[in-house]
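A.B. asks: Next up is a structure, given as structure tokens.
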Amino acid sequence: MIAYNQTEILNTKRVSVLDELKEAGFIDKAQIQAFEQKNMVLKTQRNILLRLCFAFLGMLLYGAIISFVSLLFMSVIDKNFWLPVFVFSLIGLGITEFMAHSKYYAFGIDDVAILGFQGFFAGAIYILTDNSLASFATLAIIGALCCIRYVNTLSAIVSLIGITGFVCICIIDYGIINKFGLSFVLFALAALIQYANYNIKKRPDANVYQDALWAVEVFAWALLYLSVNYLVVREAASDLMGFSPTYGQDLPLAFVFYALTFVIPIAYIFFALKWHNRTLLWLGFAALGFSIFSIRFYYHVLPPEFALMAGGIVLFVISYFAWRKLRHKETGITYEKDRFTQSESFKMAEALIANSQTRIASHSKSEMPFGGGGFSGGGSGSTY
Amino acid sequence: MEPIHEQTSRQLLDQEIISEEQHVAVSAYRSFHIFSLHNEILFLMYLGVIVFTGGAGILVYQHIDTIGHTILLLLLLSVTIGCFYFAFKKASAYSNSQTDFAHPFYNYVVLGGSILGGIFINYLEIQYQPFGNRYAWPALLTALFSIAAAYRFDNRPVLSIGITALAAAIGITATPQAVLEANVFTDGFVLYAGILLAVLLALWEEVSRRESIKTHFSNLFLNFSIHLTGICCIVGLCDDYWPIYAIILAVSCWYFWFQSDKKGYLSVFIFVLLYGFIGFNIAFVRTLTIIDIPDFWAPIAILSPIYTVGAIVLFIRAVKQFNRQHS
């Protein structure tokens with residue numbers, strides 16, 4: 001079923017581990033070359049920028065072939081619109097198979113072709129059946145099959161989007177249960193996905209799907225949180241059931257959603273530190289930030305400028321005390337640099353974010369209504 | 001399931017690629033179960049500064065009429081001076097090589113001071129016009145102030161702000177959002193100014209490298225330079241005088257290719273390929289438009305998949321060659 005040789009995939013992943021060992025100073029470049037000479041590895045792009053660059057070229061190639069085919073079959077397109085879309089999906093499948101047989105794995109071009117195949121196929125099914133349930137079911141099945149066959153991480157996400165969409169449509173459009181139960185069903189679905197993922201990880205051959213399982217884990221944690229987040233639930237209730245609370249009224253079981261909106265991110269951070277799970281830690285930070293935004297969306301405790309300044313000070317103070325407590329620790333949770341964790345890309349990201357955050361308007365154009373240009377959104381004047 | 005890093009270590013030992021001592025050293029290090037929060041703590045400090053200065057910016061903007069200009073300006077100035085007072089107190093002496101504070105959070109104090117200083121300069125100009133409505137000057141002053149702080153305290157985010165302010169002084173909004181929103185330029189003259197600034201940045205990078213002045217800033221200068229040149233030339237290629245921009249883009253691609261190859265900067269190398277490829281395609285289509293032979297277009301549409309495959313093969317060969325030389 002797998003399009004690649006499993007040993008070659010594992011060897012390819014092991015080269016990444018070797019790169020980490022080299023960066024950490026345990027081995028040298030010659031030892032990586034010796035490994036690559038003794039073991040067959042696939043052609044892959046570990047650098048994310050290069051992978052995106054090849055994904056861009058892959059899109060051009062896919063687009064060029066689609067344009068060519070469209071020119072040839074222009075007369076057929078008018079009558080059977082699903083047919084060319086289906087042919088476009090087959091083109092994606094063809095490119096994917098070709099890449100797999102040429103031993104290209106996670107290269108960028110194959111990512112675009114796999115996603116194109118799945119997207120066009122689900123599109124063709126939708127045009128043919130005019131049924132979104134069938135379309136989501138197709139995405140769920142085809143995503144899972146592509147993930148298994150091509151060991152593709154993005155396909156795992158596509159499949160999970162398909163499953164989640166399928167469940168949502170069943171409840172929203174077909175009314176299998178009361179719409180208000182959607183949050184709890186999605187919460188249970190996320191827990192089920194996490195449980196299944198946990199069991200799959202125990203299998204001896206799970207290392208082949210290491211990245212896909214990681215993506216499933218992230219999706220399940222995110223779904224678990226978002227399904228019971230107060231803002232998401234209230235907006236969904238408003239859109240799906242026309243719920244519009246009057247003064248003094250709130251969602252049924254609102255206290256559960258208020259509590260879970262804050263308990264889940266704190267639990268994520270707590271368990272991330274306990275299990276040494278960096279992904280869960282970042283998700284916890286992001287979820288906590290979104291929780292604060294969720295409550296501020298309805299209850300304006302402080303004006304935004306004071307909230308931002310107070311939040312900035314709190315963040316700075318927390319990180320300062322965390323630094324004081326964790327510096328010089330040599331085992332377990334520490335501030336000291338891990339030899340396997342790279343900080344160079346983090347420094348470049350800091351430079352980029354600082355650049356993005358500052359908004360120095362160029363002198364010949366102003367976007368601000370009150371006299372304009374500023375720095376960090378600041379500055380004002382009546383003559384600008 | 002055995003973790004992949006343990007499998008790898010065992011396989012390396014079995015195949016006699018690593019020695020027993022290396023295997024023991026790796027296993028011993030992993031047995032400490034180190035979970036470093038180095039990047040996370042620094043990120044929270046960084047976020048704290050960014051969020052605080054963002055709030056300060058909004059405060060200035062929203063409460064201008066209620067708090068009073070003088071108080072706000074004095075408040076901004078005193079916090080900026082406070083930040084730099086602590087930074088100077090804790091910083092080691094200036095050095096042309098890379099330096100760092102003993103305590104990492106002073107880097108963020110410098111960042112906070114620089115952003116607040118920038119707000120102060122721009123606010124002063126907008127309210128009191130000490131430069132007489134010449135809006136390039138406060139941006140230029142902000143740039144000089146930030147660049148000086150970046151060099152003194154060895155701070156890359158502040159240098160990035162400085163270069164952005166320098167670009168703003170000549171009329172370019174050089175932030176990633178602006179690039180994505182296609183909102184970089186405000187008029188045609190700016191294209192030439194942008195290219196000139198890119199040349200100056202590349203020249204300064206060259207001088208810094210030769211004189212060994214903060215050579216670790218080199219990557220940042222080259223990245224700004226290639227994006228400025230690339231975007232200016234691509235916009236210019238859609239203009240009337242496109243052959244000039246085509247020549248400039250070709251020369252700059254050659255220069256940055258040479259530099260990235262020499263220094264092993266992969267990000268610069270990737271953008272040379274991308275800008276070169278996009279620029280070549282635009283120039284090619286514009287040439288065909290001038291020749292104006294209608295029969296050309298149909299074969300081009302048919303041959304485009306083959307052309308793209310050819311481009312992909314050339315890209316793969318170029319990347320392979322780069323990796324061979326720099327891995």
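Chain identifiers are assigned as A, B, and so on, following the order in which chains appear in the structure tokens; residues are numbered from 1 within each chain, and ligands are numbered from 1 in order of appearance.
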Using DSSP on the backbone coordinates, identify the residues of segment 193-317 of chain A assigned to helix (DSSP H, G or I); present them as a ChimeraX atom specification.

C.D. replies: /A:193-201,206-226,230-241,254-275,278-298,304-317

A.B. asks: Provide the atom CA of Val309 of chain B to atom CA of Leu61 of chain A distance in Å, to one decimal place.

C.D. replies: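 One can read the atom CA of Val309 of chain B to atom CA of Leu61 of chain A distance as 6.8 Å.
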
A.B. asks: Between B:Leu144, B:Val158, B:Ile172, B:Ile282, which one has atoms that come closest to Asp239 of chain B, using only C-alpha atoms?

C.D. replies: B:Ile282

A.B. asks: Write out as a list in words each polymer residue whose atoms come within 9 Å of segment 213-219 of chain B, counting only C-alpha atoms; drop sequence neighbours fewer than 3 positions from it.

C.D. replies: Ser95, Asn96, Ser97, Gln98, Tyr151, Asp154, Arg156, Leu159, Ala202, Glu205, Glu206, Val207, Ser208, Arg209, Arg210, Leu222, Asn223, Phe224, Tyr265, Ser267 and Val268 of chain B

A.B. asks: Quick one: of A:Asp250, A:Asp111, A:Asp19, A:Asp173, who's nearest to chain B, counting only C-alpha atoms?

C.D. replies: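 Between A:Asp250, A:Asp111, A:Asp19, A:Asp173, the residue approaching chain B most closely is A:Asp19.
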